[in-house]
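What follows is the content of work-v1.txt (compact mmCIF, C-alpha atoms and all ligand atoms).
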```txt
# COMPACT_ATOMS: atom_id res chain seq x y z
CA MET A 1 48.98 28.81 132.55
CA ALA A 2 49.42 25.13 133.22
CA LEU A 3 52.46 23.32 131.90
CA VAL A 4 52.66 19.59 132.00
CA ALA A 5 55.58 17.86 133.67
CA CYS A 6 57.56 15.38 131.61
CA GLY A 7 58.25 11.95 133.01
CA GLY A 8 54.75 10.66 133.74
CA GLY A 9 52.27 11.15 136.58
CA GLU A 10 49.63 13.79 136.97
CA PRO A 11 50.64 17.25 135.82
CA GLU A 12 51.05 19.63 138.72
CA VAL A 13 51.01 23.37 138.71
CA VAL A 14 53.03 25.34 141.19
CA THR A 15 52.17 28.97 141.56
CA GLU A 16 54.58 31.37 143.15
CA PHE A 17 54.14 35.07 143.60
CA VAL A 18 56.80 37.51 142.64
CA GLU A 19 56.60 41.24 142.75
CA VAL A 20 57.10 42.92 139.39
CA THR A 21 56.72 46.43 138.10
CA ARG A 22 54.86 46.60 134.85
CA ILE A 23 54.79 49.77 132.85
CA VAL A 24 52.03 49.92 130.28
CA GLU A 25 52.38 52.51 127.59
CA VAL A 26 49.43 53.49 125.41
CA GLN A 27 48.92 56.36 123.06
CA GLY A 28 46.47 59.20 123.34
CA ASP A 29 45.83 59.22 127.06
CA THR A 30 48.22 61.12 129.30
CA VAL A 31 46.94 59.88 132.66
CA THR A 32 49.59 57.93 134.57
CA GLU A 33 49.06 56.46 137.99
CA THR A 34 50.83 53.97 140.25
CA VAL A 35 48.76 51.22 141.78
CA THR A 36 49.82 48.34 144.03
CA GLU A 37 47.59 45.33 143.71
CA THR A 38 47.64 41.56 143.73
CA VAL A 39 46.49 39.74 140.64
CA THR A 40 46.58 36.05 139.85
CA GLU A 41 45.30 36.17 136.32
CA THR A 42 46.08 38.00 133.14
CA VAL A 43 44.68 41.52 133.19
CA VAL A 44 43.84 43.25 129.95
CA GLU A 45 44.65 46.92 130.34
CA THR A 46 42.42 49.47 128.68
CA VAL A 47 43.72 52.56 130.42
CA THR A 48 47.10 54.18 130.63
CA GLU A 49 48.72 53.31 133.93
CA THR A 50 51.89 52.31 135.68
CA VAL A 51 51.08 49.32 137.85
CA THR A 52 53.12 47.73 140.62
CA GLU A 53 51.56 44.37 141.11
CA GLN A 54 51.93 40.78 142.24
CA VAL A 55 51.82 38.61 139.14
CA ALA A 56 51.36 34.88 139.37
CA VAL A 57 54.34 33.12 137.81
CA THR A 58 53.67 29.52 136.97
CA PHE A 59 56.83 27.47 137.10
CA ALA A 60 56.84 24.78 134.48
CA GLY A 61 57.15 21.18 135.53
CA GLY A 62 55.35 21.09 138.81
CA GLY A 63 58.28 20.94 141.22
CA ASP A 64 58.14 22.81 144.45
CA THR A 65 61.68 22.43 145.74
CA LEU A 66 62.10 26.16 146.25
CA ALA A 67 59.01 26.35 148.47
CA GLN A 68 60.17 23.31 150.45
CA VAL A 69 63.65 24.73 151.00
CA GLN A 70 62.25 28.10 152.03
CA SER A 71 59.77 26.64 154.49
CA ARG A 72 62.40 24.24 155.92
CA GLY A 73 64.93 27.05 156.19
CA VAL A 74 67.74 24.66 155.28
CA LEU A 75 69.10 23.37 151.97
CA ASN A 76 69.52 19.60 151.85
CA CYS A 77 72.57 19.05 149.69
CA GLY A 78 73.93 15.67 148.65
CA GLY A 79 77.70 15.70 148.89
CA ASN A 80 80.79 13.57 149.17
CA ALA A 81 82.55 12.74 152.43
CA ASN A 82 85.65 11.09 151.00
CA VAL A 83 87.16 13.34 148.35
CA PRO A 84 89.27 16.08 150.00
CA GLY A 85 89.25 19.31 148.02
CA PHE A 86 85.80 18.54 146.53
CA GLY A 87 83.67 17.07 149.31
CA TYR A 88 85.17 15.95 152.58
CA LEU A 89 83.85 15.28 156.05
CA ASP A 90 86.46 16.17 158.67
CA PRO A 91 86.22 13.34 161.19
CA ASP A 92 87.39 15.61 164.03
CA SER A 93 85.23 18.67 163.49
CA GLY A 94 82.31 16.93 161.77
CA ALA A 95 82.34 19.72 159.16
CA PHE A 96 82.08 19.26 155.41
CA SER A 97 84.33 21.28 153.14
CA GLY A 98 85.41 21.41 149.51
CA PHE A 99 84.75 22.88 146.10
CA ASP A 100 81.41 21.06 145.68
CA ILE A 101 80.36 21.88 149.24
CA ASP A 102 80.97 25.58 148.52
CA PHE A 103 78.43 25.37 145.70
CA CYS A 104 75.93 23.94 148.22
CA LYS A 105 76.68 26.97 150.39
CA ALA A 106 76.31 29.31 147.42
CA ILE A 107 72.80 27.98 146.75
CA ALA A 108 71.88 28.42 150.42
CA ALA A 109 73.17 32.01 150.30
CA ALA A 110 71.07 32.71 147.19
CA VAL A 111 67.87 31.03 148.39
CA LEU A 112 67.98 31.55 152.14
CA GLY A 113 70.40 34.46 152.49
CA ASP A 114 72.60 32.28 154.70
CA SER A 115 75.43 30.19 153.30
CA GLU A 116 75.54 28.16 156.51
CA ALA A 117 71.92 27.01 156.23
CA VAL A 118 72.99 23.74 154.62
CA GLU A 119 72.66 20.14 155.72
CA VAL A 120 75.06 17.94 153.76
CA THR A 121 74.11 14.31 153.26
CA PRO A 122 77.15 12.19 152.39
CA THR A 123 76.60 9.94 149.38
CA THR A 124 78.62 7.25 147.60
CA GLY A 125 78.78 6.46 143.89
CA GLN A 126 75.92 4.00 144.41
CA SER A 127 73.71 5.88 146.85
CA ARG A 128 73.78 9.36 145.30
CA PHE A 129 71.09 8.90 142.63
CA PRO A 130 68.41 7.19 144.79
CA THR A 131 69.07 9.83 147.45
CA LEU A 132 68.21 12.59 144.98
CA GLN A 133 65.33 10.68 143.36
CA SER A 134 63.67 10.05 146.73
CA GLY A 135 63.61 13.75 147.62
CA GLU A 136 65.92 13.28 150.60
CA ILE A 137 68.14 15.98 149.12
CA ASP A 138 67.28 19.07 147.05
CA VAL A 139 70.39 18.99 144.90
CA LEU A 140 73.36 16.68 144.39
CA ILE A 141 76.77 18.32 144.15
CA ARG A 142 79.32 15.54 144.28
CA ASN A 143 81.88 15.10 141.48
CA THR A 144 79.11 13.73 139.30
CA THR A 145 79.57 13.42 135.56
CA TRP A 146 76.88 14.78 133.27
CA THR A 147 75.90 11.92 130.96
CA SER A 148 72.94 11.34 128.67
CA SER A 149 71.48 8.46 130.69
CA ARG A 150 71.64 10.34 133.99
CA ASP A 151 70.04 13.35 132.33
CA THR A 152 67.24 11.33 130.70
CA ALA A 153 66.62 7.77 131.93
CA LEU A 154 67.49 8.49 135.57
CA GLY A 155 65.27 11.56 135.62
CA PHE A 156 67.66 14.39 136.42
CA ASP A 157 68.59 17.78 135.02
CA PHE A 158 72.11 19.10 135.22
CA ALA A 159 73.16 22.65 135.97
CA PRO A 160 76.27 24.10 134.26
CA VAL A 161 79.47 22.15 134.59
CA THR A 162 81.55 23.42 137.50
CA PHE A 163 84.62 21.29 136.82
CA TYR A 164 85.76 19.85 133.47
CA ASP A 165 87.65 16.66 134.19
CA GLY A 166 88.84 13.44 132.59
CA GLN A 167 89.46 9.95 133.90
CA GLY A 168 93.05 9.08 134.77
CA MET A 169 95.19 6.20 136.00
CA MET A 170 97.48 6.17 139.02
CA VAL A 171 100.30 3.66 139.26
CA ARG A 172 103.35 3.14 141.46
CA ALA A 173 106.23 5.35 140.40
CA ASP A 174 108.64 2.40 140.42
CA SER A 175 106.34 0.12 138.39
CA GLY A 176 107.92 1.02 135.06
CA ILE A 177 104.45 1.80 133.66
CA THR A 178 104.51 5.04 131.67
CA SER A 179 101.27 4.64 129.73
CA ILE A 180 98.10 2.58 130.04
CA SER A 181 99.16 0.41 127.11
CA ASP A 182 101.91 -0.94 129.41
CA MET A 183 99.25 -2.40 131.73
CA ASP A 184 98.47 -5.71 130.03
CA GLY A 185 97.51 -8.27 132.69
CA ALA A 186 97.24 -5.60 135.41
CA THR A 187 94.68 -5.47 138.21
CA VAL A 188 92.95 -2.10 138.40
CA CYS A 189 91.09 -0.72 141.44
CA VAL A 190 87.88 1.05 140.43
CA GLN A 191 84.76 2.20 142.27
CA SER A 192 81.28 0.82 141.64
CA GLY A 193 78.35 2.96 140.50
CA THR A 194 80.55 5.33 138.53
CA THR A 195 81.22 6.27 134.94
CA THR A 196 84.77 5.17 135.73
CA GLU A 197 83.92 1.46 135.69
CA LYS A 198 82.45 1.54 132.17
CA ASN A 199 85.06 3.91 130.75
CA LEU A 200 87.80 1.61 131.99
CA SER A 201 86.33 -1.34 130.16
CA ASP A 202 85.82 0.67 126.92
CA TYR A 203 89.28 2.19 127.06
CA MET A 204 91.07 -1.10 127.70
CA THR A 205 89.08 -2.87 125.00
CA ALA A 206 89.98 -0.17 122.49
CA LEU A 207 93.67 -0.50 123.42
CA GLY A 208 93.49 -4.30 123.38
CA VAL A 209 94.82 -4.43 126.95
CA THR A 210 93.54 -7.21 129.21
CA TYR A 211 93.06 -6.37 132.89
CA THR A 212 91.22 -7.50 136.00
CA PRO A 213 88.99 -4.95 137.75
CA LEU A 214 88.91 -4.93 141.55
CA VAL A 215 85.73 -3.05 142.42
CA GLY A 216 85.33 -1.08 145.67
CA ASP A 217 82.04 0.22 147.04
CA ASP A 218 83.35 3.64 148.02
CA ALA A 219 86.47 5.74 147.77
CA VAL A 220 87.91 4.45 151.03
CA ALA A 221 87.60 0.78 150.06
CA THR A 222 88.98 1.41 146.57
CA ARG A 223 91.89 3.52 147.79
CA ASP A 224 92.76 1.10 150.59
CA ALA A 225 92.82 -1.81 148.13
CA TYR A 226 95.26 0.08 145.89
CA ASP A 227 97.37 1.27 148.82
CA SER A 228 97.68 -2.26 150.16
CA GLY A 229 99.14 -3.42 146.84
CA ALA A 230 96.08 -5.41 145.71
CA CYS A 231 96.02 -3.43 142.43
CA ASP A 232 98.65 -2.23 139.96
CA GLY A 233 96.54 0.79 139.03
CA PHE A 234 93.85 2.99 140.55
CA THR A 235 91.48 4.74 138.17
CA THR A 236 88.94 7.51 138.68
CA ASP A 237 88.48 11.15 137.63
CA LYS A 238 91.86 12.91 137.69
CA SER A 239 90.46 15.30 140.31
CA GLY A 240 89.63 12.25 142.42
CA LEU A 241 93.12 10.81 141.92
CA VAL A 242 94.79 14.06 142.99
CA SER A 243 92.54 14.05 146.03
CA GLN A 244 93.09 10.38 146.95
CA LEU A 245 96.86 10.69 146.45
CA ILE A 246 97.31 12.75 149.60
CA LEU A 247 95.57 10.03 151.61
CA LEU A 248 97.86 7.20 150.49
CA SER A 249 100.44 5.98 153.00
CA ASP A 250 103.28 7.34 150.83
CA PRO A 251 101.99 9.90 148.32
CA THR A 252 105.44 10.37 146.79
CA ALA A 253 105.51 6.74 145.65
CA HIS A 254 102.78 7.18 143.02
CA ILE A 255 102.31 8.96 139.70
CA ILE A 256 99.24 9.88 137.68
CA LEU A 257 99.69 9.01 134.01
CA GLU A 258 99.18 11.78 131.42
CA GLU A 259 96.38 10.09 129.48
CA ASP A 260 92.80 11.31 129.65
CA MET A 261 90.67 8.17 129.34
CA SER A 262 87.36 10.02 129.02
CA ARG A 263 85.52 13.32 129.30
CA GLU A 264 84.08 13.90 132.78
CA PRO A 265 82.08 17.12 132.95
CA LEU A 266 81.19 17.41 136.65
CA GLY A 267 78.34 19.53 137.93
CA PRO A 268 75.27 19.86 140.15
CA LEU A 269 72.02 18.05 139.34
CA THR A 270 68.39 18.30 140.36
CA ARG A 271 65.30 16.18 139.81
CA HIS A 272 63.82 16.47 136.32
CA GLY A 273 60.54 18.36 136.31
CA ASP A 274 61.34 21.26 138.59
CA ASN A 275 62.57 23.71 135.99
CA ASN A 276 62.55 26.71 138.27
CA TRP A 277 64.69 24.95 140.85
CA ASN A 278 67.16 23.92 138.16
CA ASP A 279 67.22 27.54 136.95
CA ILE A 280 68.12 28.63 140.46
CA VAL A 281 70.99 26.16 140.78
CA SER A 282 72.15 27.07 137.26
CA TRP A 283 72.11 30.81 137.86
CA VAL A 284 73.95 30.44 141.15
CA VAL A 285 76.73 28.73 139.19
CA GLN A 286 76.53 31.40 136.46
CA CYS A 287 76.71 34.06 139.15
CA THR A 288 80.08 32.73 140.29
CA PHE A 289 81.34 32.67 136.67
CA ASN A 290 80.08 36.20 135.95
CA GLY A 291 81.61 37.47 139.19
CA GLU A 292 85.03 36.25 138.12
CA LEU A 293 84.68 37.65 134.60
CA LEU A 294 83.75 41.08 135.97
CA GLY A 295 86.44 41.02 138.65
CA ILE A 296 83.86 41.00 141.46
CA ASN A 297 85.12 38.80 144.28
CA GLN A 298 84.30 38.09 147.89
CA GLU A 299 86.74 40.70 149.13
CA ASN A 300 85.80 43.59 146.84
CA VAL A 301 82.12 42.97 146.11
CA ASP A 302 80.89 45.88 148.24
CA SER A 303 83.03 48.32 146.28
CA PHE A 304 81.05 47.35 143.15
CA LEU A 305 77.70 48.39 144.64
CA GLY A 306 76.54 51.54 142.88
CA SER A 307 78.73 50.80 139.85
CA ASP A 308 77.87 52.54 136.56
CA ASP A 309 78.49 49.34 134.61
CA PRO A 310 75.14 47.79 133.59
CA ALA A 311 76.65 44.29 133.58
CA VAL A 312 77.73 44.73 137.22
CA GLN A 313 74.36 46.23 138.16
CA ASN A 314 72.56 43.21 136.67
CA VAL A 315 74.79 40.66 138.40
CA LEU A 316 74.50 42.35 141.79
CA GLY A 317 70.74 42.84 141.40
CA GLU A 318 70.79 46.62 141.41
CA THR A 319 68.90 46.60 138.12
CA GLY A 320 66.59 44.03 136.57
CA ASP A 321 64.44 41.32 138.13
CA HIS A 322 66.89 38.48 137.69
CA GLY A 323 66.17 37.04 141.13
CA GLN A 324 62.45 37.74 141.28
CA ALA A 325 61.88 35.88 138.03
CA MET A 326 62.92 32.72 139.89
CA GLY A 327 61.21 33.56 143.20
CA LEU A 328 64.43 34.83 144.80
CA SER A 329 65.58 38.18 146.04
CA ASN A 330 67.15 40.28 143.28
CA ASP A 331 70.41 40.48 145.18
CA PHE A 332 70.85 36.69 145.23
CA CYS A 333 74.14 36.90 143.35
CA TYR A 334 75.44 39.58 145.71
CA GLN A 335 74.67 37.14 148.56
CA VAL A 336 76.55 34.35 146.77
CA ILE A 337 79.66 36.41 146.07
CA SER A 338 79.77 38.18 149.44
CA GLN A 339 79.17 35.02 151.47
CA VAL A 340 80.94 32.36 149.41
CA GLY A 341 82.82 34.06 146.56
CA ASN A 342 83.12 34.01 142.80
CA TYR A 343 84.31 30.95 140.86
CA ALA A 344 88.01 31.81 141.30
CA ASP A 345 87.52 32.33 145.06
CA ILE A 346 85.86 28.92 145.35
CA TYR A 347 88.45 27.22 143.14
CA ASP A 348 91.48 28.74 144.86
CA ARG A 349 90.16 28.19 148.38
CA ASN A 350 89.73 24.46 147.77
CA LEU A 351 92.09 23.48 144.95
CA GLY A 352 94.49 26.40 144.38
CA PRO A 353 98.17 26.99 145.07
CA ASP A 354 97.68 27.30 148.85
CA THR A 355 96.09 23.86 149.09
CA PRO A 356 97.79 20.44 148.97
CA PHE A 357 96.33 19.94 145.46
CA ASN A 358 97.65 23.00 143.60
CA LEU A 359 95.47 22.14 140.61
CA ALA A 360 96.06 24.37 137.58
CA ARG A 361 92.87 25.94 136.24
CA ALA A 362 93.58 24.48 132.76
CA ARG A 363 90.19 23.75 131.12
CA ASN A 364 88.51 25.31 134.14
CA ALA A 365 89.89 28.76 133.38
CA LEU A 366 87.58 31.41 131.96
CA TYR A 367 87.37 31.41 128.15
CA THR A 368 89.22 34.74 128.27
CA ASP A 369 92.16 32.90 129.86
CA GLY A 370 92.18 29.93 127.47
CA GLY A 371 89.72 27.72 129.35
CA VAL A 372 86.13 26.72 128.63
CA ILE A 373 84.28 28.50 131.43
CA TYR A 374 82.02 30.81 129.45
CA PRO A 375 79.69 32.90 131.65
CA ILE A 376 76.15 33.27 130.35
CA PRO A 377 75.14 36.95 130.65
CA PHE A 378 72.75 38.35 133.24
CA ARG A 379 70.58 40.43 130.96
N1 LIG B 401 82.59 11.38 138.06
C1 LIG B 401 82.35 9.97 138.15
C2 LIG B 401 83.02 9.33 139.37
C3 LIG B 401 82.57 9.95 140.67
C4 LIG B 401 82.95 9.13 141.91
O1 LIG B 401 82.04 8.55 142.55
N2 LIG B 401 84.22 9.10 142.25
C5 LIG B 401 84.62 8.34 143.41
C6 LIG B 401 86.12 8.18 143.43
S1 LIG B 401 87.00 9.65 143.76
C7 LIG B 401 84.11 9.00 144.68
O2 LIG B 401 83.80 10.15 144.71
N3 LIG B 401 84.02 8.23 145.73
C8 LIG B 401 83.61 8.69 147.03
C9 LIG B 401 82.81 7.66 147.77
O3 LIG B 401 81.97 6.98 147.14
O4 LIG B 401 83.00 7.53 148.96
C10 LIG B 401 80.87 9.69 138.17
O5 LIG B 401 80.07 10.63 138.24
O6 LIG B 401 80.47 8.53 138.13
```

Take the structure in the file and write it out as C-alpha cells.
Ligand SMILES: N[C@@H](CCC(=O)N[C@@H](CS)C(=O)NCC(=O)O)C(=O)O
Amino acid sequence: MALVACGGGEPEVVTEFVEVTRIVEVQGDTVTETVTETVTETVVETVTETVTEQVAVTFAGGGDTLAQVQSRGVLNCGGNANVPGFGYLDPDSGAFSGFDIDFCKAIAAAVLGDSEAVEVTPTTGQSRFPTLQSGEIDVLIRNTTWTSSRDTALGFDFAPVTFYDGQGMMVRADSGITSISDMDGATVCVQSGTTTEKNLSDYMTALGVTYTPLVGDDAVATRDAYDSGACDGFTTDKSGLVSQLILLSDPTAHIILEEDMSREPLGPLTRHGDNNWNDIVSWVVQCTFNGELLGINQENVDSFLGSDDPAVQNVLGETGDHGQAMGLSNDFCYQVISQVGNYADIYDRNLGPDTPFNLARARNALYTDGGVIYPIPFR
C-alpha cells in the first residue's frame, strides 16, 4: 500500500518489517498448523491455519526517521541549554538535564533500549525550527508551544502536550506594579523567535497599555538585559520565568504577576510527513502518562511484571503488539519507565518540591487529580 506524503515532493514509501502473529479462523476445516514465513504482500488464505509471519507494514508519509535513528544508534534531540529545570547545559559537566531532556531520554530508551543514547543539540527560539526542518535533529523537545502555524505552515507535527503553560510577566518586587495594566510606558524584555513576542503585543493592545519591547536573541541576553535594569518587565512562559528567576543576581527582588497572558501548550514536535515517527514520540509521552495513572513508576515497575491487570499488561508490553505496530520492541514502555520514569517521576525530578522550582502540578496533574493530563489508553 502506498500512501502519499502531504507537503509536496515525490511520494515515498517506507517499508518496515514487524513480526506479527495472525490467527485465521475458518469454518469446516479442523486442520491447524503453525508456520513461520516472511511475506511482503497480502496473502489470501484459503486453508485453516495459524501463521506466524513477517508482514510488511507501510508507514504513511514516507519518513524514515526510525530507521535512521536505529542505524545511527543515537537519537538526535533538539533541546534548550538555557532554561534550568526544562533544558539546561551544565557548563562544568557538559551534561544536559531537565524535564524536556528526560523526554529525549525516554524516546531513546523506547527506540534504542538505552536512555543515554542521546545527543542533545542546543537550540534558541530562532534556530530551533530550521534545525528540525533540516534533519539535523530527529525531534525537538524544548519548551515549544503548539500553534496552528507551526503545525501547518512550518511543516511540523506535535506530539501530546507535556506541559500546559501560560505567558507571564516578571517585575521588580519594589516597583509597585501589581498587574500588567500598571505597566503603561514600561520597557519589557522579550525574546525573539517566540510566541511570547506576538502575545505581548496582542495583550498590551487589548489592555490599551503602551510599552517598548527590548528584544533579546536568547534567554541569556534577555535575562541579562532585565537583570541590568534595562527593562521594567521580563515576559516569557511562566515556566521560563520560574527558571530564569533563580539565575538573576537577586532572585528575592522579583515577583511573577498572577496574570496568564496566553495559553502555551508545550510539547515535542517532529517533521510533518513521518507519521510513524510521530506515533512513536506520542506513545512514549502517553506511556509516561499511563504509567502514572496505573501507579507504575521507575522504582516499582518490576513488581508490575506478571500483573493480572490487562491495562498493566498492555502498557508493559506483556500482551498486545503495541510496540511492534510502530517498529519497536513491545516492551518499549517498560524501557521508558524503568530507565527514565513515569510522568510524575520526570516532573518531580526536574520541577518538584526537591528542586529550586517547586512547581505545583496544577494543570499538569492527571485528570483524576484535577488537572488536564488525560492518558490515552494502550488497547
Ligand atoms: N513557548 C514559547 C517560548 C519558548 C522560548 O524560546 N522561551 C525562551 C525564554 S525562557 C527560551 O527558551 N530561551 C532559551 C534560549 O533561546 O536560549 C515558544 O515556543 O515560542

List the neighbours of region 197-210 of chain A out to 9 Å using all atoms listed in the file; skip same-chain residues closer than 3 positions along the sequence, and give me the result as a ChimeraX atom specification. /A:167,180-186,190-194,213,215,235-236,261-262

Go ahead and compute the interatomic distance for CA of Thr195 (chain A) and CA of Pro375 (chain A), in Å to one decimal.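 Value for the CA of Thr195 (chain A)-CA of Pro375 (chain A) distance: 26.9 Å.
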
When distances are computed from all atoms listed in the file, which of A:Gly73, A:Gly135, A:Gly168, A:Gly113 shows the smallest separation from ligand LIG 401 (chain B)?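 Between A:Gly73, A:Gly135, A:Gly168, A:Gly113, the residue approaching ligand LIG 401 (chain B) most closely is A:Gly168.
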
For Ser239 (chain A), the nearest of the candidates A:Ala325, A:Ala344, A:Ile101, A:Val83, counting all atoms listed in the file: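 Residue with the minimum atom-to-atom distance to Ser239 (chain A): A:Val83.
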
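A search radius of 8 Å centred on (73.1, 41.1, 129.5), applied to all atoms listed in the file, returns the residues A:Ala311, A:Asn314, A:Pro377, A:Phe378, A:Arg379.
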
Selected residues, C-alpha atoms, written as a tab-separated table (two decimals), keeping the file's coordinate frame, please.
```
chain	number	residue	atom	x	y	z
A	311	ALA	CA	76.65	44.29	133.58
A	314	ASN	CA	72.56	43.21	136.67
A	377	PRO	CA	75.14	36.95	130.65
A	378	PHE	CA	72.75	38.35	133.24
A	379	ARG	CA	70.58	40.43	130.96
```

What residues have any atom no more than 10 Å from ligand LIG 401 (chain B) when counting all atoms listed in the file, and can you list them as an NGL selection string? :A and (79-84 or 86-88 or 122-128 or 142-147 or 150 or 165-167 or 190-199 or 216-223 or 234-244 or 263-267)

Find the residue from A:Leu75, A:Ile346, A:His272, A:Asp260 that sits nearest to Tyr164 (chain A); use all atoms listed in the file when measuring.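 For Tyr164 (chain A), the nearest of the candidates is A:Asp260.
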
Rounded to one decimal in Å, what is the spacing between CA of Ile255 (chain A) and CA of Ser175 (chain A)? 9.8 Å

Would you please work out which residue, of A:Val315, A:Leu293, A:Ala159, A:Ala67, is nearest to Thr368 (chain A) when using only C-alpha atoms?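 Nearest candidate to Thr368 (chain A) out of A:Val315, A:Leu293, A:Ala159, A:Ala67: A:Leu293.
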
Extract, using all atoms listed in the file, all DNA, RNA and protein residues at most 8 Å from Gly233 (chain A), discarding same-chain residues fewer than 2 positions from it, and format them as a PyMOL selection string. chain A and resi 169-172+186-189+226+231+235

Would you mind putting N, CA and C atoms back on region 162-181 of chain A and writing the result as an mmCIF file, in the frame of the given file?
```cif
data_model
loop_
_atom_site.group_PDB
_atom_site.id
_atom_site.type_symbol
_atom_site.label_atom_id
_atom_site.label_comp_id
_atom_site.auth_asym_id
_atom_site.auth_seq_id
_atom_site.Cartn_x
_atom_site.Cartn_y
_atom_site.Cartn_z
ATOM 1 N N THR A 162 80.689 22.613 136.628
ATOM 2 C CA THR A 162 81.550 23.420 137.500
ATOM 3 C C THR A 162 83.005 22.985 137.427
ATOM 4 N N PHE A 163 83.238 21.757 136.904
ATOM 5 C CA PHE A 163 84.620 21.290 136.820
ATOM 6 C C PHE A 163 84.737 20.318 135.640
ATOM 7 N N TYR A 164 85.525 20.719 134.636
ATOM 8 C CA TYR A 164 85.760 19.850 133.470
ATOM 9 C C TYR A 164 86.923 18.935 133.800
ATOM 10 N N ASP A 165 86.652 17.629 133.754
ATOM 11 C CA ASP A 165 87.650 16.660 134.190
ATOM 12 C C ASP A 165 87.798 15.550 133.160
ATOM 13 N N GLY A 166 88.674 14.620 133.429
ATOM 14 C CA GLY A 166 88.840 13.440 132.590
ATOM 15 C C GLY A 166 89.324 12.314 133.483
ATOM 16 N N GLN A 167 89.046 11.089 133.079
ATOM 17 C CA GLN A 167 89.460 9.950 133.900
ATOM 18 C C GLN A 167 90.953 9.696 133.726
ATOM 19 N N GLY A 168 91.613 9.349 134.819
ATOM 20 C CA GLY A 168 93.050 9.080 134.770
ATOM 21 C C GLY A 168 93.400 7.767 135.426
ATOM 22 N N MET A 169 94.688 7.450 135.404
ATOM 23 C CA MET A 169 95.190 6.200 136.000
ATOM 24 C C MET A 169 96.393 6.524 136.882
ATOM 25 N N MET A 170 96.331 6.026 138.109
ATOM 26 C CA MET A 170 97.480 6.170 139.020
ATOM 27 C C MET A 170 98.202 4.820 139.109
ATOM 28 N N VAL A 171 99.507 4.886 139.112
ATOM 29 C CA VAL A 171 100.300 3.660 139.260
ATOM 30 C C VAL A 171 101.477 3.958 140.209
ATOM 31 N N ARG A 172 102.162 2.919 140.622
ATOM 32 C CA ARG A 172 103.350 3.140 141.460
ATOM 33 C C ARG A 172 104.473 3.704 140.604
ATOM 34 N N ALA A 173 105.171 4.667 141.157
ATOM 35 C CA ALA A 173 106.230 5.350 140.400
ATOM 36 C C ALA A 173 107.323 4.376 139.964
ATOM 37 N N ASP A 174 107.553 3.330 140.764
ATOM 38 C CA ASP A 174 108.640 2.400 140.420
ATOM 39 C C ASP A 174 108.154 1.197 139.614
ATOM 40 N N SER A 175 106.905 1.279 139.092
ATOM 41 C CA SER A 175 106.340 0.120 138.390
ATOM 42 C C SER A 175 106.882 -0.017 136.964
ATOM 43 N N GLY A 176 107.461 1.048 136.450
ATOM 44 C CA GLY A 176 107.920 1.020 135.060
ATOM 45 C C GLY A 176 106.804 1.328 134.065
ATOM 46 N N ILE A 177 105.583 1.487 134.558
ATOM 47 C CA ILE A 177 104.450 1.800 133.660
ATOM 48 C C ILE A 177 104.494 3.295 133.332
ATOM 49 N N THR A 178 104.517 3.617 132.047
ATOM 50 C CA THR A 178 104.510 5.040 131.670
ATOM 51 C C THR A 178 103.266 5.392 130.864
ATOM 52 N N SER A 179 102.542 4.362 130.407
ATOM 53 C CA SER A 179 101.270 4.640 129.730
ATOM 54 C C SER A 179 100.355 3.440 129.946
ATOM 55 N N ILE A 180 99.071 3.646 129.713
ATOM 56 C CA ILE A 180 98.100 2.580 130.040
ATOM 57 C C ILE A 180 98.331 1.354 129.150
ATOM 58 N N SER A 181 98.894 1.563 127.981
ATOM 59 C CA SER A 181 99.160 0.410 127.110
ATOM 60 C C SER A 181 100.225 -0.535 127.708
#
```
